[in-house]
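S.K.: Once you've had a glance at the structure underneath, I'll fire off some questions.
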Amino acid sequence: MRAVCAAILLASACAMAQDRIDPVPAPLARVGVDEKLDAALPLQMVFRDEAGRDVTLGSYFRPGHPVLLTLNYYRCPMLCTLELNGLVAGMKGLPWTPGDEYTVVTVSFDPNETAALARAKKQSYVEELGRPSAEAGWHFLTGSVESIDALTRSVGFSSEYDKETDQYAHAAVVMLITPEGRVGRYLYGVTFDPGTLKLALLEASKGKIGSTWERFILYCYHYDADRGRYAVAAMSIMRAGGALTALILGIAIGGFWLRDRSRGVR
């Protein structure tokens with residue numbers, strides 16, 4: 001009897017809990033990221049840089065240099081700040097500096113924001129990064145509705161404006177863009193592991209940045225989308241190990257052959 005009563009009480013509690021679960025608000029259902037890997041960015045679209053000058057998105061792309069793209073709005077009281085703070089922390093762990101090996105482009109998706117806001121945000125984060133030369137490699141842009149819509153559509157980024165709070169609902173995501181202007185990888189969250197950032201940049205650059213050893217390390221890893229980081233690719237390591245073993249055997253056999261030949265000549 002006690003077991004039956006307990007089961008009834010448990011079922012009632014579950015039913016009450018289910019009743020308290022509210023559906024996702026309609027605006028939030030339209031917020032998120034629809035990944036568009038290998039999609040081309042609208043490089044011809046015009047934005048304004050932190051100095052108020054008109055610039056094309058394509059002006060920040062050059063051969064061999066991947067672009068780390070973030071979509072934020074500068075008045076954001078919470079999520080954007082957490083994301084950019086996490087990005088700076090991850091970038092501090094890299095041996096590379098924006099402007100040298102890669103470029104960072106942060107674009108506001110609020111068409112009402114100004115170059116003055118962008119300039120203040122840039123100054124704050126370049127100072128936080130602690131690398132003065134990053135001034136030339138981290139760009140904070142604003143733009144028109146047309147330009148912003150073209151960019152967000154190309155990468156599958158959706159946000160929703162709430163009039164009551166005067167804020168946007170949006171996802172926290174960083175996109176790795178190839179030097180040709182195509183989407184290479186999405187990294188989600190507000191913390192970014194330096195190792196993951198490094199491998200993602202290597203991948204986006206097609207292995208054109210970093211040392212030979214770092215490019216080899218990239219070969220041995222693949223991106224684990226479920227965990228949001230790179231995992232060791234066992235098959236790649238086996239192939240690389242097999243090639244290395246064959247090379248060592250070839251050198252050893254060649255050494256023996258040369259030694260025996262030299263003895264025969266004598």
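By convention here, the chains of the structure tokens are called A, B, ... in the order presented, each chain's residues are numbered starting at 1, and ligands are numbered starting at 1 in the order presented.
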Env of A:Gly184: 12 Å cut, atoms = only C-alpha atoms, seq-sep filter 2 positions within chain, self excluded. Answer as a PyMOL selection string.
M.R.: chain A and resi 35-41+66-69+155+174-182+186-187+199-206+223
S.K.: For stretch 162-173 of chain A, list every protein, DNA or RNA residue within 9 Å, evaluated using only C-alpha atoms, and leave out those in the same chain fewer than 4 positions away; present the list as a list in words.
M.R.: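 Contacts, in chain order: Pro27, Leu28, Val31, Gly32, Val33, Leu69, Thr70, Leu71, Asn72, Tyr73, Arg75, Cys76, Pro77, Leu79, Cys80, Leu82, Glu83, Asp110, Phe157, Ser158, Tyr186, Leu187, Tyr188, Gly189 and Val190 of chain A.
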S.K.: Now that the selection is made, can you save its residues with C-alpha atoms as a tab-separated table (two decimals), in the first residue's frame?
M.R.:
```tsv
chain	number	residue	atom	x	y	z
A	27	PRO	CA	11.03	35.27	-30.05
A	28	LEU	CA	13.67	32.91	-28.62
A	31	VAL	CA	17.22	32.94	-32.24
A	32	GLY	CA	20.23	30.77	-32.98
A	33	VAL	CA	22.70	29.68	-35.62
A	69	LEU	CA	34.55	36.80	-36.99
A	70	THR	CA	32.31	37.72	-34.06
A	71	LEU	CA	28.79	39.17	-34.19
A	72	ASN	CA	27.96	41.27	-31.14
A	73	TYR	CA	26.32	44.55	-30.29
A	75	ARG	CA	25.52	48.03	-25.79
A	76	CYS	CA	24.94	44.42	-24.77
A	77	PRO	CA	24.90	44.28	-20.96
A	79	LEU	CA	26.32	37.93	-23.20
A	80	CYS	CA	28.42	39.90	-25.69
A	82	LEU	CA	31.14	37.55	-21.60
A	83	GLU	CA	31.86	36.26	-25.11
A	110	ASP	CA	22.49	46.61	-34.19
A	157	PHE	CA	23.12	33.96	-37.45
A	158	SER	CA	19.69	35.01	-36.13
A	186	TYR	CA	31.81	27.66	-35.63
A	187	LEU	CA	32.93	27.78	-31.99
A	188	TYR	CA	30.20	28.28	-29.40
A	189	GLY	CA	30.12	29.62	-25.85
A	190	VAL	CA	31.78	32.30	-23.77
```
S.K.: Can you list, as number ranges by chain, every protein, DNA or RNA residue that comes within 8 Å of A:Leu87 when you count only C-alpha atoms, leaving out same-chain residues fewer than 2 positions away?
M.R.: A: 83-85, 89-91, 190-192
S.K.: Please, which residues of stretch 69-220 of chain A, numbered as in this document, come out helix (DSSP H, G or I) from DSSP, as a ChimeraX atom specification?
M.R.: /A:79-92,115-129,132-136,145-155,194-204,212-219
S.K.: Go ahead and save the picked residues with C-alpha atoms, as a PDB file, in the first residue's frame.
M.R.:
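Once written, selection.pdb looks like this:
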```
ATOM      1  CA  LEU A  79      26.324  37.926 -23.202  1.00  0.00           C
ATOM      2  CA  CYS A  80      28.422  39.904 -25.690  1.00  0.00           C
ATOM      3  CA  THR A  81      30.711  41.094 -22.917  1.00  0.00           C
ATOM      4  CA  LEU A  82      31.144  37.549 -21.604  1.00  0.00           C
ATOM      5  CA  GLU A  83      31.864  36.257 -25.108  1.00  0.00           C
ATOM      6  CA  LEU A  84      34.443  38.931 -25.945  1.00  0.00           C
ATOM      7  CA  ASN A  85      36.068  38.575 -22.524  1.00  0.00           C
ATOM      8  CA  GLY A  86      36.357  34.829 -23.103  1.00  0.00           C
ATOM      9  CA  LEU A  87      37.749  35.396 -26.570  1.00  0.00           C
ATOM     10  CA  VAL A  88      40.428  37.752 -25.247  1.00  0.00           C
ATOM     11  CA  ALA A  89      41.386  35.182 -22.606  1.00  0.00           C
ATOM     12  CA  GLY A  90      41.740  32.525 -25.307  1.00  0.00           C
ATOM     13  CA  MET A  91      43.732  34.821 -27.589  1.00  0.00           C
ATOM     14  CA  LYS A  92      46.144  35.612 -24.760  1.00  0.00           C
ATOM     15  CA  ALA A 115      31.434  54.342 -34.736  1.00  0.00           C
ATOM     16  CA  ALA A 116      32.040  56.026 -31.369  1.00  0.00           C
ATOM     17  CA  LEU A 117      30.696  52.955 -29.560  1.00  0.00           C
ATOM     18  CA  ALA A 118      32.820  50.713 -31.768  1.00  0.00           C
ATOM     19  CA  ARG A 119      35.908  52.806 -31.069  1.00  0.00           C
ATOM     20  CA  ALA A 120      35.407  52.637 -27.291  1.00  0.00           C
ATOM     21  CA  LYS A 121      34.892  48.887 -27.449  1.00  0.00           C
ATOM     22  CA  LYS A 122      38.026  48.413 -29.534  1.00  0.00           C
ATOM     23  CA  GLN A 123      40.173  50.463 -27.179  1.00  0.00           C
ATOM     24  CA  SER A 124      38.920  48.465 -24.198  1.00  0.00           C
ATOM     25  CA  TYR A 125      39.614  45.048 -25.691  1.00  0.00           C
ATOM     26  CA  VAL A 126      42.947  45.847 -27.338  1.00  0.00           C
ATOM     27  CA  GLU A 127      44.134  47.132 -23.960  1.00  0.00           C
ATOM     28  CA  GLU A 128      42.823  43.985 -22.292  1.00  0.00           C
ATOM     29  CA  LEU A 129      44.646  41.780 -24.806  1.00  0.00           C
ATOM     30  CA  PRO A 132      49.558  47.077 -28.805  1.00  0.00           C
ATOM     31  CA  SER A 133      50.173  45.815 -32.352  1.00  0.00           C
ATOM     32  CA  ALA A 134      46.716  44.196 -32.260  1.00  0.00           C
ATOM     33  CA  GLU A 135      45.356  47.711 -32.845  1.00  0.00           C
ATOM     34  CA  ALA A 136      45.942  47.095 -36.555  1.00  0.00           C
ATOM     35  CA  VAL A 145      20.445  47.157 -42.009  1.00  0.00           C
ATOM     36  CA  GLU A 146      21.217  45.938 -45.537  1.00  0.00           C
ATOM     37  CA  SER A 147      24.866  45.146 -44.797  1.00  0.00           C
ATOM     38  CA  ILE A 148      24.135  43.518 -41.442  1.00  0.00           C
ATOM     39  CA  ASP A 149      21.341  41.369 -42.876  1.00  0.00           C
ATOM     40  CA  ALA A 150      23.562  40.211 -45.753  1.00  0.00           C
ATOM     41  CA  LEU A 151      26.322  39.171 -43.350  1.00  0.00           C
ATOM     42  CA  THR A 152      24.137  37.476 -40.747  1.00  0.00           C
ATOM     43  CA  ARG A 153      22.240  35.558 -43.437  1.00  0.00           C
ATOM     44  CA  SER A 154      25.464  34.343 -45.006  1.00  0.00           C
ATOM     45  CA  VAL A 155      26.640  32.758 -41.731  1.00  0.00           C
ATOM     46  CA  PRO A 194      43.620  28.468 -26.652  1.00  0.00           C
ATOM     47  CA  GLY A 195      44.410  25.030 -28.062  1.00  0.00           C
ATOM     48  CA  THR A 196      41.059  24.848 -29.839  1.00  0.00           C
ATOM     49  CA  LEU A 197      41.451  28.401 -31.154  1.00  0.00           C
ATOM     50  CA  LYS A 198      44.920  27.612 -32.436  1.00  0.00           C
ATOM     51  CA  LEU A 199      43.868  24.463 -34.281  1.00  0.00           C
ATOM     52  CA  ALA A 200      40.795  26.220 -35.695  1.00  0.00           C
ATOM     53  CA  LEU A 201      42.957  29.064 -37.036  1.00  0.00           C
ATOM     54  CA  LEU A 202      45.417  26.562 -38.494  1.00  0.00           C
ATOM     55  CA  GLU A 203      42.555  24.748 -40.172  1.00  0.00           C
ATOM     56  CA  ALA A 204      40.997  27.958 -41.513  1.00  0.00           C
ATOM     57  CA  THR A 212      55.769  22.560 -39.677  1.00  0.00           C
ATOM     58  CA  TRP A 213      55.237  20.753 -36.385  1.00  0.00           C
ATOM     59  CA  GLU A 214      52.004  22.644 -35.706  1.00  0.00           C
ATOM     60  CA  ARG A 215      50.718  21.753 -39.162  1.00  0.00           C
ATOM     61  CA  PHE A 216      51.537  18.114 -38.431  1.00  0.00           C
ATOM     62  CA  ILE A 217      49.627  18.339 -35.126  1.00  0.00           C
ATOM     63  CA  LEU A 218      46.601  19.689 -37.033  1.00  0.00           C
ATOM     64  CA  TYR A 219      46.800  16.664 -39.340  1.00  0.00           C
TER      65      TYR A 219
END
```
S.K.: Counting only C-alpha atoms, which of A:Arg48, A:Arg185, A:Arg30, A:Arg53 gets nearest to A:Val107?
M.R.: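 Among the listed residues, A:Arg48 lies closest to A:Val107.
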S.K.: Hey, which of A:Pro111, A:Gly143, A:Arg62, A:Gly137 ends up closest to A:Tyr161? Count only C-alpha atoms.
M.R.: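 Checking each candidate against A:Tyr161, we get A:Pro111 as the closest.
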